[in-house]
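> Sharing a structure below in C-alpha cells format, with a few things to ask.
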Protein chains: 2
Amino acid sequence: MNTIRSHGTVGVHDHDGRSGRCGYGCSVEQLMDNPEYRAGVIDLLGALGVGELTAFQRLAADAELAPTLADQAALAGMAVAEFHHFERIRDHLAQLGASVDEAMAPFHEAYVTFHANTAPSDWLEGLVKAYVGDQIATDFYREIAVAVDDDTRALVTEVLADAGHADFVIDRVRSAIDEDPSVAGRLALWGRRLVGEALAQAQRVAADRDALAAIFVGGEGRPGMDLAELGRVFARLTENHAKRMATLGLAA
Amino acid sequence: MNTIRSHGTVGVHDHDGRSGRCGYGCSVEQLMDNPEYRAGVIDLLGALGVGELTAFQRLAADAELAPTLADQAALAGMAVAEFHHFERIRDHLAQLGASVDEAMAPFHEAYVTFHANTAPSDWLEGLVKAYVGDQIATDFYREIAVAVDDDTRALVTEVLADAGHADFVIDRVRSAIDEDPSVAGRLALWGRRLVGEALAQAQRVAADRDALAAIFVGGEGRPGMDLAELGRVFARLTENHAKRMATLGLAA
C-alpha cells in the first residue's frame with residue numbers, strides 16, 4: 001500500500017487515502033459534504049454496481065453453455081454472488097441518497113460494450129472470462145479504493161471478495177488443457193483479448209467521467225497520483241493478470 | 001386439504017399423505033426404504049430443481065428487457081430467489097444420496113421446451129410470465145406435495161414460498177394497462193398461452209415418468225387419486241390462474 005494524495009480533489013488539503021481521514025482530521029461525513037468528493041464516490045459505486053449487475057447477466061447467460069446441469073448451476077452460482085454484491089452497492093447508494101439508476105447509467109454502455117466484444121463462444125471461454133474478467137475488475141477497483149474513505153473502501157473490498165468460485169474455474173480449465181493441450185493456445189489468446197477490452201473500456205470511462213478520474217489522479221490544478229505511480233498501477237494490473245493466466249495453465 | 005391415498009404406491013398399505021406417516025406408523029425413513037416411493041420423491045425434487053434452475057436462467061435473460069436498470073435489477077432479484085430455491089433442493093437431493101444431475105436430467109427438456117415456446121417479446125410479457133408461470137408451477141407442485149411425507153413437503157413448501165416479488169409485477173402490469181388499455185388484450189392472450197404450454201409440458205412429464213406420476217395418481221393396481229379428485233386438482237389450478245390474471249387486470 002502506498003500513500004496517495006488523491007483527496008487533493010476535496011480542494012482543501014491533501015489526504016491520506018488509506019485512513020479515510022486527512023491529516024487535519026476530516027471525517028467521512030466532512031469528505032462527503034464536499035460535492036466533488038461525493039460525486040466521485042457515487043461514480044465509483046455506480047460503476048462498480050453496474051459492473052456487478054452486468055456480470056450477473058453475462059454469467060447467467062454463459063451458464064447455459066455448461067456441459068452438465070451441475071456445471072450450469074456452478075456458474076449460475078457465480079452469477080448470483082455478483083448479484084448479491086450489486087445489492088450491497090445499491091443499498092449503500094440509497095443510503096447516500098443517490099439515485100441508483102442515475103449513478104449506474106453513465107457506466108452501463110462501457111460494460112455492455114465489453115460484454116458484447118467478449119461473448120464467449122464455448123463453455124471454456126465462459127469459464128476463463130468468469131475468472132479473469134472478474135479478477136481484472138477486482139484489481140482495478142481495489143486500486144481506486146486505496147484513494148477513498150474507510151467506509152467506502154470497506155464496502156468495495158467486501159463486494160470484491162472472492163466468493164470461492166476461482167477454484168472451480170481453475171480446476172475445470174486445467175483439466176480441459178490436460179485432456180486436450182491444444183486448447184491452451186486458443187484460451188491464452190482469449191485471455192489477452194479479455195484484458196485488452198477491459199483496459200480499453202476502463203480508459204474510456206476514465207476519460208468520460210471527471211469525478212471518478214479525480215479520485216484516482218487528482219482534479220484540475222490539484223495533486224493526485226503522479227504518472228510514475230499510475231504506471232506502477234498498470235504494471236500491477238498486468239502482472240496480476242499474468243499470474244492468474246499461469247494459474248490456469250495459460251501463457252499471458 | 002383432502003386425504004389422498006397416494007402412498008398406496010409404497011405397496012404395503014394406504015397412507016394419509018398429509019401426515020407423512022401412514023396409519024400403521026411408517027416413518028419417513030421407512031417410506032424412503034421403499035424404492036418406488038424414493039424414486040418418486042427424487043423425481044419430484046429433480047423436476048422442481050431443474051424448474052427452479054431454468055426459471056433462474058430465463059428470468060435472468062428476460063431481465064435484460066427491462067426499461068431501466070432498477071427494473072432489470074428487480075427481475076434479476078426474482079431470478080436469484082429461484083436460484084436459492086434450487087440450491088435448497090440440490091442440497092436435499094445430495095442428502096438423499098441422489099445424483100443431482102441424474103435427478104434433474106429427465107425433466108430438463110420439458111422446461112427448455114416450455115421456455116422456448118414462451119420466450120417473451122417484451123418487458124411486460126416477461127413480467128407476466130415471471131408471475132403467472134411461477135405461480136402455476138407453485139400450485140402444481142403444492143398439489144403433488146400433499147401426497148408426500150412431511151420432510152419432503154416442508155422443503156417443497158419452503159422453496160415455493162413467494163419471495164415477495166408478486167407485488168412488483170402486479171404494480172407494473174396494472175400501471176402499464178392504466179397507461180395504455182390496449183395492452184390488456186395482448187397480455188390476456190399471452191397468459192392463456194403460458195398456462196396452455198405449462199399444462200402441455202406437465203402432461204408430457206407425467207406420461208414419461210411413472211415414478212412421479214405414481215406419487216400423484218397411485219401405482220399399477222394400487223389406489224391413488226381418483227379421476228374425480230384429479231379433475232378437482234385441474235379445476236383448482238385453472239381457477240387460481242384466473243384469479244391471478246384478474247389481479248393483474250387481465251381476462252383469463
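How things are named: the first chain in the C-alpha cells is A, the next is B, and so on; residues count from 1 in each chain; ligands count from 1 in the order shown.
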Using only C-alpha atoms, I'd like every residue of chain B that has an atom within 10 Å of chain A; please write them out as a compact mmCIF listing (two decimals) with all heavy atoms, in the first residue's frame.

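Contents of selection-v6.txt, freshly written:
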```
# COMPACT_ATOMS: atom_id res chain seq x y z
N VAL B 50 -34.83 -28.62 -11.47
CA VAL B 50 -34.49 -28.13 -12.80
C VAL B 50 -35.47 -27.02 -13.21
O VAL B 50 -35.10 -26.11 -13.96
CB VAL B 50 -34.43 -29.28 -13.83
CG1 VAL B 50 -35.80 -29.75 -14.24
CG2 VAL B 50 -33.62 -28.89 -15.05
N LEU B 53 -33.93 -23.97 -11.64
CA LEU B 53 -32.69 -23.58 -12.34
C LEU B 53 -33.01 -22.96 -13.70
O LEU B 53 -32.44 -21.92 -14.05
CB LEU B 53 -31.77 -24.79 -12.49
CG LEU B 53 -30.38 -24.51 -13.06
CD1 LEU B 53 -29.60 -23.52 -12.20
CD2 LEU B 53 -29.57 -25.82 -13.19
N THR B 54 -33.94 -23.56 -14.44
CA THR B 54 -34.28 -22.97 -15.75
C THR B 54 -35.05 -21.67 -15.56
O THR B 54 -34.89 -20.73 -16.35
CB THR B 54 -35.08 -23.94 -16.65
OG1 THR B 54 -36.20 -24.43 -15.94
CG2 THR B 54 -34.22 -25.12 -17.09
N PHE B 56 -34.48 -19.58 -13.19
CA PHE B 56 -33.37 -18.63 -12.95
C PHE B 56 -32.80 -18.14 -14.27
O PHE B 56 -32.65 -16.93 -14.51
CB PHE B 56 -32.26 -19.29 -12.12
CG PHE B 56 -30.95 -18.55 -12.20
CD1 PHE B 56 -30.73 -17.42 -11.44
CD2 PHE B 56 -29.95 -18.98 -13.06
CE1 PHE B 56 -29.54 -16.72 -11.55
CE2 PHE B 56 -28.75 -18.29 -13.17
CZ PHE B 56 -28.55 -17.16 -12.41
N GLN B 57 -32.47 -19.09 -15.16
CA GLN B 57 -31.85 -18.73 -16.44
C GLN B 57 -32.74 -17.81 -17.26
O GLN B 57 -32.29 -16.82 -17.83
CB GLN B 57 -31.57 -20.00 -17.25
CG GLN B 57 -30.57 -20.95 -16.63
CD GLN B 57 -29.13 -20.47 -16.71
OE1 GLN B 57 -28.26 -21.02 -16.07
NE2 GLN B 57 -28.87 -19.46 -17.49
N ARG B 58 -34.05 -18.16 -17.32
CA ARG B 58 -34.96 -17.38 -18.17
C ARG B 58 -35.25 -16.01 -17.59
O ARG B 58 -35.31 -15.01 -18.31
CB ARG B 58 -36.26 -18.16 -18.39
CG ARG B 58 -36.17 -19.37 -19.27
CD ARG B 58 -35.57 -19.05 -20.64
NE ARG B 58 -34.12 -19.12 -20.61
CZ ARG B 58 -33.30 -18.42 -21.39
NH1 ARG B 58 -33.78 -17.53 -22.24
NH2 ARG B 58 -32.00 -18.54 -21.30
N LEU B 59 -35.46 -15.95 -16.26
CA LEU B 59 -35.72 -14.65 -15.64
C LEU B 59 -34.51 -13.74 -15.78
O LEU B 59 -34.64 -12.54 -16.02
CB LEU B 59 -36.07 -14.82 -14.16
CG LEU B 59 -37.46 -15.36 -13.86
CD1 LEU B 59 -37.58 -15.67 -12.37
CD2 LEU B 59 -38.52 -14.35 -14.26
N ALA B 60 -33.31 -14.32 -15.62
CA ALA B 60 -32.09 -13.52 -15.78
C ALA B 60 -32.02 -12.97 -17.20
O ALA B 60 -31.70 -11.79 -17.41
CB ALA B 60 -30.85 -14.35 -15.46
N ALA B 61 -32.32 -13.81 -18.18
CA ALA B 61 -32.29 -13.35 -19.58
C ALA B 61 -33.37 -12.29 -19.82
O ALA B 61 -33.11 -11.25 -20.44
CB ALA B 61 -32.47 -14.52 -20.52
N ASP B 62 -34.58 -12.53 -19.29
CA ASP B 62 -35.68 -11.59 -19.52
C ASP B 62 -35.43 -10.24 -18.83
O ASP B 62 -35.99 -9.22 -19.25
CB ASP B 62 -37.01 -12.19 -19.02
CG ASP B 62 -37.39 -13.45 -19.81
OD1 ASP B 62 -36.78 -13.68 -20.88
OD2 ASP B 62 -38.26 -14.19 -19.35
N ALA B 63 -34.60 -10.27 -17.78
CA ALA B 63 -34.30 -9.02 -17.07
C ALA B 63 -33.68 -7.99 -18.00
O ALA B 63 -33.84 -6.78 -17.82
CB ALA B 63 -33.37 -9.28 -15.88
N GLU B 64 -33.00 -8.47 -19.02
CA GLU B 64 -32.35 -7.54 -19.95
C GLU B 64 -33.36 -6.77 -20.82
O GLU B 64 -32.99 -5.82 -21.49
CB GLU B 64 -31.33 -8.28 -20.82
CG GLU B 64 -30.26 -8.92 -19.95
CD GLU B 64 -28.97 -9.22 -20.70
OE1 GLU B 64 -28.37 -8.27 -21.22
OE2 GLU B 64 -28.58 -10.40 -20.75
N THR B 68 -35.43 0.08 -17.34
CA THR B 68 -34.43 0.79 -16.53
C THR B 68 -33.56 -0.23 -15.82
O THR B 68 -33.93 -1.40 -15.68
CB THR B 68 -35.09 1.69 -15.45
OG1 THR B 68 -35.70 0.82 -14.47
CG2 THR B 68 -36.14 2.62 -16.04
N LEU B 69 -32.40 0.24 -15.34
CA LEU B 69 -31.50 -0.66 -14.60
C LEU B 69 -32.15 -1.11 -13.30
O LEU B 69 -31.95 -2.25 -12.87
CB LEU B 69 -30.17 0.04 -14.34
CG LEU B 69 -29.26 0.17 -15.56
CD1 LEU B 69 -28.08 1.09 -15.28
CD2 LEU B 69 -28.76 -1.21 -16.00
N ALA B 70 -32.96 -0.24 -12.68
CA ALA B 70 -33.63 -0.62 -11.42
C ALA B 70 -34.62 -1.76 -11.68
O ALA B 70 -34.72 -2.70 -10.89
CB ALA B 70 -34.33 0.59 -10.81
N ASP B 71 -35.37 -1.65 -12.79
CA ASP B 71 -36.31 -2.72 -13.14
C ASP B 71 -35.55 -4.01 -13.49
O ASP B 71 -35.98 -5.11 -13.14
CB ASP B 71 -37.18 -2.30 -14.33
CG ASP B 71 -38.31 -1.36 -13.91
OD1 ASP B 71 -38.62 -1.32 -12.70
OD2 ASP B 71 -38.86 -0.68 -14.78
N GLN B 72 -34.45 -3.85 -14.20
CA GLN B 72 -33.62 -5.01 -14.54
C GLN B 72 -33.18 -5.72 -13.25
O GLN B 72 -33.27 -6.95 -13.13
CB GLN B 72 -32.40 -4.55 -15.32
CG GLN B 72 -31.47 -5.69 -15.72
CD GLN B 72 -30.29 -5.20 -16.58
OE1 GLN B 72 -30.42 -4.26 -17.36
NE2 GLN B 72 -29.16 -5.85 -16.45
N ALA B 73 -32.76 -4.92 -12.29
CA ALA B 73 -32.29 -5.48 -11.01
C ALA B 73 -33.43 -6.18 -10.28
O ALA B 73 -33.23 -7.21 -9.63
CB ALA B 73 -31.69 -4.39 -10.15
N ALA B 76 -33.95 -9.48 -11.99
CA ALA B 76 -32.77 -10.29 -11.67
C ALA B 76 -32.90 -10.83 -10.24
O ALA B 76 -32.51 -11.97 -9.96
CB ALA B 76 -31.50 -9.46 -11.83
N GLY B 77 -33.46 -10.00 -9.35
CA GLY B 77 -33.66 -10.44 -7.96
C GLY B 77 -34.62 -11.62 -7.87
O GLY B 77 -34.45 -12.52 -7.05
N ALA B 79 -34.95 -13.81 -10.26
CA ALA B 79 -34.14 -14.93 -10.76
C ALA B 79 -33.28 -15.50 -9.64
O ALA B 79 -33.18 -16.72 -9.46
CB ALA B 79 -33.26 -14.45 -11.92
N VAL B 80 -32.68 -14.62 -8.87
CA VAL B 80 -31.77 -15.05 -7.80
C VAL B 80 -32.53 -15.82 -6.72
O VAL B 80 -32.03 -16.81 -6.18
CB VAL B 80 -31.01 -13.83 -7.24
CG1 VAL B 80 -30.30 -14.16 -5.94
CG2 VAL B 80 -30.01 -13.32 -8.28
N ALA B 81 -33.77 -15.37 -6.43
CA ALA B 81 -34.59 -16.10 -5.45
C ALA B 81 -34.83 -17.53 -5.94
O ALA B 81 -34.78 -18.49 -5.15
CB ALA B 81 -35.92 -15.37 -5.24
N PHE B 83 -32.85 -19.22 -7.86
CA PHE B 83 -31.59 -19.96 -7.73
C PHE B 83 -31.39 -20.47 -6.30
O PHE B 83 -30.93 -21.60 -6.08
CB PHE B 83 -30.39 -19.10 -8.16
CG PHE B 83 -29.10 -19.89 -8.14
CD1 PHE B 83 -28.80 -20.75 -9.18
CD2 PHE B 83 -28.23 -19.82 -7.07
CE1 PHE B 83 -27.64 -21.52 -9.16
CE2 PHE B 83 -27.07 -20.58 -7.04
CZ PHE B 83 -26.77 -21.43 -8.09
N HIS B 84 -31.72 -19.63 -5.32
CA HIS B 84 -31.55 -20.08 -3.93
C HIS B 84 -32.50 -21.23 -3.61
O HIS B 84 -32.17 -22.11 -2.81
CB HIS B 84 -31.73 -18.91 -2.97
CG HIS B 84 -30.59 -17.93 -3.04
ND1 HIS B 84 -29.28 -18.34 -2.97
CD2 HIS B 84 -30.55 -16.60 -3.23
CE1 HIS B 84 -28.48 -17.28 -3.09
NE2 HIS B 84 -29.23 -16.21 -3.25
N PHE B 86 -33.38 -23.46 -5.86
CA PHE B 86 -32.65 -24.58 -6.49
C PHE B 86 -31.57 -25.13 -5.55
O PHE B 86 -31.43 -26.35 -5.40
CB PHE B 86 -32.02 -24.13 -7.81
CG PHE B 86 -30.88 -25.00 -8.24
CD1 PHE B 86 -31.12 -26.26 -8.79
CD2 PHE B 86 -29.58 -24.60 -8.04
CE1 PHE B 86 -30.08 -27.08 -9.14
CE2 PHE B 86 -28.52 -25.42 -8.39
CZ PHE B 86 -28.78 -26.67 -8.95
N GLU B 87 -30.83 -24.23 -4.91
CA GLU B 87 -29.74 -24.68 -4.01
C GLU B 87 -30.28 -25.56 -2.88
O GLU B 87 -29.66 -26.55 -2.49
CB GLU B 87 -29.02 -23.47 -3.42
CG GLU B 87 -28.12 -22.76 -4.39
CD GLU B 87 -27.42 -21.56 -3.74
OE1 GLU B 87 -28.12 -20.75 -3.07
OE2 GLU B 87 -26.21 -21.41 -3.91
N ARG B 90 -31.07 -28.93 -4.37
CA ARG B 90 -29.81 -29.62 -4.67
C ARG B 90 -29.21 -30.23 -3.39
O ARG B 90 -28.79 -31.39 -3.37
CB ARG B 90 -28.83 -28.62 -5.28
CG ARG B 90 -27.47 -29.22 -5.62
CD ARG B 90 -26.51 -28.16 -6.14
NE ARG B 90 -26.27 -27.14 -5.13
CZ ARG B 90 -25.60 -26.01 -5.35
NH1 ARG B 90 -25.10 -25.75 -6.53
NH2 ARG B 90 -25.42 -25.13 -4.37
N SER B 99 -27.89 -38.39 -7.27
CA SER B 99 -27.13 -37.54 -8.18
C SER B 99 -28.05 -36.42 -8.65
O SER B 99 -29.12 -36.67 -9.22
CB SER B 99 -26.64 -38.34 -9.39
OG SER B 99 -26.42 -37.47 -10.49
N VAL B 100 -27.64 -35.19 -8.40
CA VAL B 100 -28.47 -34.04 -8.76
C VAL B 100 -28.67 -33.98 -10.26
O VAL B 100 -29.78 -33.75 -10.75
CB VAL B 100 -27.83 -32.74 -8.23
CG1 VAL B 100 -28.68 -31.54 -8.60
CG2 VAL B 100 -27.65 -32.82 -6.73
N ASP B 101 -27.56 -34.22 -11.00
CA ASP B 101 -27.64 -34.21 -12.45
C ASP B 101 -28.64 -35.26 -12.94
O ASP B 101 -29.48 -34.97 -13.80
CB ASP B 101 -26.26 -34.51 -13.05
CG ASP B 101 -25.62 -33.25 -13.63
OD1 ASP B 101 -26.30 -32.21 -13.71
OD2 ASP B 101 -24.44 -33.32 -13.99
N GLU B 102 -28.52 -36.48 -12.42
CA GLU B 102 -29.40 -37.55 -12.87
C GLU B 102 -30.86 -37.30 -12.48
O GLU B 102 -31.77 -37.65 -13.23
CB GLU B 102 -28.94 -38.90 -12.31
CG GLU B 102 -27.71 -39.45 -13.04
CD GLU B 102 -27.12 -40.67 -12.34
OE1 GLU B 102 -27.86 -41.37 -11.61
OE2 GLU B 102 -25.91 -40.91 -12.52
N MET B 104 -32.30 -34.42 -12.17
CA MET B 104 -32.89 -33.30 -12.91
C MET B 104 -33.00 -33.57 -14.41
O MET B 104 -33.91 -33.05 -15.08
CB MET B 104 -32.08 -32.02 -12.67
CG MET B 104 -32.03 -31.60 -11.19
SD MET B 104 -31.55 -29.85 -10.93
CE MET B 104 -30.01 -29.77 -11.84
N ALA B 105 -32.06 -34.35 -14.93
CA ALA B 105 -31.95 -34.52 -16.39
C ALA B 105 -33.27 -34.92 -17.08
O ALA B 105 -33.60 -34.36 -18.14
CB ALA B 105 -30.85 -35.51 -16.72
N HIS B 108 -35.39 -31.85 -17.84
CA HIS B 108 -34.76 -30.66 -18.40
C HIS B 108 -35.43 -30.23 -19.71
O HIS B 108 -35.76 -29.06 -19.90
CB HIS B 108 -33.26 -30.92 -18.62
CG HIS B 108 -32.48 -29.69 -18.96
ND1 HIS B 108 -31.38 -29.70 -19.78
CD2 HIS B 108 -32.66 -28.40 -18.62
CE1 HIS B 108 -30.91 -28.48 -19.90
NE2 HIS B 108 -31.67 -27.67 -19.21
```
> Determine, counting only C-alpha atoms, which protein, DNA and RNA residues have an atom within 12 Å of an atom of stretch 177-182 of chain B; residues of the same chain fewer than 5 positions away are not included. Present the result as a VMD selection string.
chain B and resid 124 170 to 172 187 to 188 248 to 250
> Keeping only N, CA and C atoms, write the selected residues to a file as an mmCIF file, in the first residue's frame.

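The resulting file, out31.cif, is shown below:
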```cif
data_model
loop_
_atom_site.group_PDB
_atom_site.id
_atom_site.type_symbol
_atom_site.label_atom_id
_atom_site.label_comp_id
_atom_site.auth_asym_id
_atom_site.auth_seq_id
_atom_site.Cartn_x
_atom_site.Cartn_y
_atom_site.Cartn_z
ATOM 1 N N LEU B 124 -43.180 -6.376 -20.640
ATOM 2 C CA LEU B 124 -44.452 -6.709 -19.983
ATOM 3 C C LEU B 124 -44.736 -8.209 -20.061
ATOM 4 N N ILE B 170 -47.403 -7.096 -10.230
ATOM 5 C CA ILE B 170 -48.783 -6.613 -10.276
ATOM 6 C C ILE B 170 -48.801 -5.099 -10.473
ATOM 7 N N ASP B 171 -47.961 -4.413 -9.706
ATOM 8 C CA ASP B 171 -47.901 -2.955 -9.802
ATOM 9 C C ASP B 171 -47.517 -2.499 -11.208
ATOM 10 N N ARG B 172 -46.490 -3.119 -11.784
ATOM 11 C CA ARG B 172 -46.009 -2.695 -13.104
ATOM 12 C C ARG B 172 -47.013 -2.988 -14.204
ATOM 13 N N LEU B 187 -51.849 -9.120 -23.497
ATOM 14 C CA LEU B 187 -51.313 -9.814 -22.318
ATOM 15 C C LEU B 187 -52.252 -10.922 -21.843
ATOM 16 N N ALA B 188 -53.573 -10.746 -22.060
ATOM 17 C CA ALA B 188 -54.521 -11.804 -21.692
ATOM 18 C C ALA B 188 -54.271 -13.047 -22.549
ATOM 19 N N LEU B 248 -53.986 -9.079 -12.085
ATOM 20 C CA LEU B 248 -53.164 -8.285 -12.999
ATOM 21 C C LEU B 248 -54.011 -7.323 -13.844
ATOM 22 N N GLY B 249 -55.342 -7.475 -13.732
ATOM 23 C CA GLY B 249 -56.217 -6.634 -14.557
ATOM 24 C C GLY B 249 -56.462 -7.233 -15.926
ATOM 25 N N LEU B 250 -56.320 -8.566 -16.030
ATOM 26 C CA LEU B 250 -56.426 -9.235 -17.329
ATOM 27 C C LEU B 250 -57.540 -10.278 -17.316
#
```
> Determine, for each residue of stretch 140-185 of chain B having at least one atom at most 10 Å from an atom of stretch 25-39 of chain B, the closest pair of atoms and their separation in Å to one decimal, counting only C-alpha atoms; order by chain and ascending number, as a tab-separated table.

```
residue	atom	partner	partner_atom	distance
B:Val148	CA	B:Tyr37	CA	9.0
B:Asp149	CA	B:Val28	CA	6.3
B:Asp150	CA	B:Val28	CA	7.7
B:Asp151	CA	B:Val28	CA	7.6
B:Thr152	CA	B:Val28	CA	9.1
```
> Pick out the residues sitting within 12 Å of B:His92, and hand them over as a PDB file with N, CA and C atoms, in the first residue's frame; count only C-alpha atoms, and ignore anything fewer than 5 positions along from it in its own chain.

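Contents of result10.pdb, as written:
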```
ATOM      1  N   VAL B  41     -40.004 -39.460  -4.983  1.00  0.00           N
ATOM      2  CA  VAL B  41     -39.575 -38.221  -4.309  1.00  0.00           C
ATOM      3  C   VAL B  41     -38.397 -37.596  -5.055  1.00  0.00           C
ATOM      4  N   ILE B  42     -37.449 -38.429  -5.489  1.00  0.00           N
ATOM      5  CA  ILE B  42     -36.296 -37.907  -6.237  1.00  0.00           C
ATOM      6  C   ILE B  42     -36.754 -37.298  -7.556  1.00  0.00           C
ATOM      7  N   LEU B  44     -39.716 -35.954  -8.059  1.00  0.00           N
ATOM      8  CA  LEU B  44     -40.383 -34.699  -7.701  1.00  0.00           C
ATOM      9  C   LEU B  44     -39.360 -33.588  -7.474  1.00  0.00           C
ATOM     10  N   LEU B  45     -38.318 -33.914  -6.680  1.00  0.00           N
ATOM     11  CA  LEU B  45     -37.301 -32.895  -6.375  1.00  0.00           C
ATOM     12  C   LEU B  45     -36.466 -32.569  -7.611  1.00  0.00           C
ATOM     13  N   GLY B  46     -36.205 -33.564  -8.438  1.00  0.00           N
ATOM     14  CA  GLY B  46     -35.456 -33.322  -9.677  1.00  0.00           C
ATOM     15  C   GLY B  46     -36.227 -32.392 -10.606  1.00  0.00           C
ATOM     16  N   LEU B  48     -38.603 -30.290  -9.753  1.00  0.00           N
ATOM     17  CA  LEU B  48     -38.693 -28.971  -9.118  1.00  0.00           C
ATOM     18  C   LEU B  48     -37.352 -28.244  -9.233  1.00  0.00           C
ATOM     19  N   GLY B  49     -36.260 -28.977  -9.024  1.00  0.00           N
ATOM     20  CA  GLY B  49     -34.916 -28.375  -9.067  1.00  0.00           C
ATOM     21  C   GLY B  49     -34.586 -27.825 -10.439  1.00  0.00           C
ATOM     22  N   HIS B  85     -33.681 -21.235  -4.219  1.00  0.00           N
ATOM     23  CA  HIS B  85     -34.577 -22.392  -4.064  1.00  0.00           C
ATOM     24  C   HIS B  85     -33.933 -23.630  -4.672  1.00  0.00           C
ATOM     25  N   PHE B  86     -33.375 -23.461  -5.856  1.00  0.00           N
ATOM     26  CA  PHE B  86     -32.654 -24.576  -6.491  1.00  0.00           C
ATOM     27  C   PHE B  86     -31.572 -25.129  -5.550  1.00  0.00           C
ATOM     28  N   GLU B  87     -30.827 -24.235  -4.913  1.00  0.00           N
ATOM     29  CA  GLU B  87     -29.745 -24.683  -4.012  1.00  0.00           C
ATOM     30  C   GLU B  87     -30.278 -25.560  -2.879  1.00  0.00           C
ATOM     31  N   GLY B  97     -28.588 -38.834  -1.103  1.00  0.00           N
ATOM     32  CA  GLY B  97     -27.625 -39.675  -1.810  1.00  0.00           C
ATOM     33  C   GLY B  97     -27.935 -39.798  -3.298  1.00  0.00           C
ATOM     34  N   ALA B  98     -28.747 -38.850  -3.812  1.00  0.00           N
ATOM     35  CA  ALA B  98     -29.115 -38.892  -5.227  1.00  0.00           C
ATOM     36  C   ALA B  98     -28.181 -38.003  -6.034  1.00  0.00           C
ATOM     37  N   SER B  99     -27.893 -38.390  -7.267  1.00  0.00           N
ATOM     38  CA  SER B  99     -27.134 -37.539  -8.180  1.00  0.00           C
ATOM     39  C   SER B  99     -28.048 -36.423  -8.650  1.00  0.00           C
ATOM     40  N   VAL B 100     -27.638 -35.189  -8.403  1.00  0.00           N
ATOM     41  CA  VAL B 100     -28.473 -34.040  -8.756  1.00  0.00           C
ATOM     42  C   VAL B 100     -28.668 -33.977 -10.263  1.00  0.00           C
ATOM     43  N   ALA B 103     -31.056 -36.717 -11.297  1.00  0.00           N
ATOM     44  CA  ALA B 103     -32.427 -36.447 -10.848  1.00  0.00           C
ATOM     45  C   ALA B 103     -33.094 -35.401 -11.729  1.00  0.00           C
ATOM     46  N   ASP B 151     -41.216 -34.281   5.613  1.00  0.00           N
ATOM     47  CA  ASP B 151     -39.921 -33.670   5.311  1.00  0.00           C
ATOM     48  C   ASP B 151     -39.894 -33.115   3.890  1.00  0.00           C
ATOM     49  N   THR B 152     -40.314 -33.959   2.957  1.00  0.00           N
ATOM     50  CA  THR B 152     -40.299 -33.546   1.550  1.00  0.00           C
ATOM     51  C   THR B 152     -41.251 -32.384   1.347  1.00  0.00           C
ATOM     52  N   ARG B 153     -42.437 -32.492   1.979  1.00  0.00           N
ATOM     53  CA  ARG B 153     -43.428 -31.432   1.777  1.00  0.00           C
ATOM     54  C   ARG B 153     -42.949 -30.102   2.363  1.00  0.00           C
ATOM     55  N   ALA B 154     -42.262 -30.167   3.503  1.00  0.00           N
ATOM     56  CA  ALA B 154     -41.762 -28.933   4.127  1.00  0.00           C
ATOM     57  C   ALA B 154     -40.778 -28.238   3.181  1.00  0.00           C
ATOM     58  N   LEU B 155     -39.922 -29.042   2.557  1.00  0.00           N
ATOM     59  CA  LEU B 155     -38.949 -28.472   1.610  1.00  0.00           C
ATOM     60  C   LEU B 155     -39.664 -27.857   0.407  1.00  0.00           C
ATOM     61  N   VAL B 156     -40.601 -28.603  -0.156  1.00  0.00           N
ATOM     62  CA  VAL B 156     -41.323 -28.128  -1.337  1.00  0.00           C
ATOM     63  C   VAL B 156     -42.055 -26.823  -1.014  1.00  0.00           C
ATOM     64  N   VAL B 159     -39.502 -23.882  -0.714  1.00  0.00           N
ATOM     65  CA  VAL B 159     -38.931 -23.333  -1.948  1.00  0.00           C
ATOM     66  C   VAL B 159     -40.002 -22.714  -2.849  1.00  0.00           C
TER      67      VAL B 159
END
```
> Using Å and a single decimal, report how far atom CA of A:Ala119 sits from atom CA of A:Phe234.
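Going from atom CA of A:Phe234 over to atom CA of A:Ala119 covers 24.6 Å.
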> Which parts of stretch 1-247 of chain B does DSSP call helix (DSSP H, G or I) when run on the backbone here, written out as a PyMOL selection string?
chain B and resi 6-10+28-33+35-63+69-95+100-117+123-145+150-160+166-179+183-208+210-217+227-247
> What's the separation between atom CA of B:Val132 and atom CA of B:Leu189, in Å to one decimal place?
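Between these atoms lies a distance of 12.5 Å.
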> How far is it from atom CA of A:Glu143 to atom CA of A:Asp162, in Å with one decimal?
16.1 Å
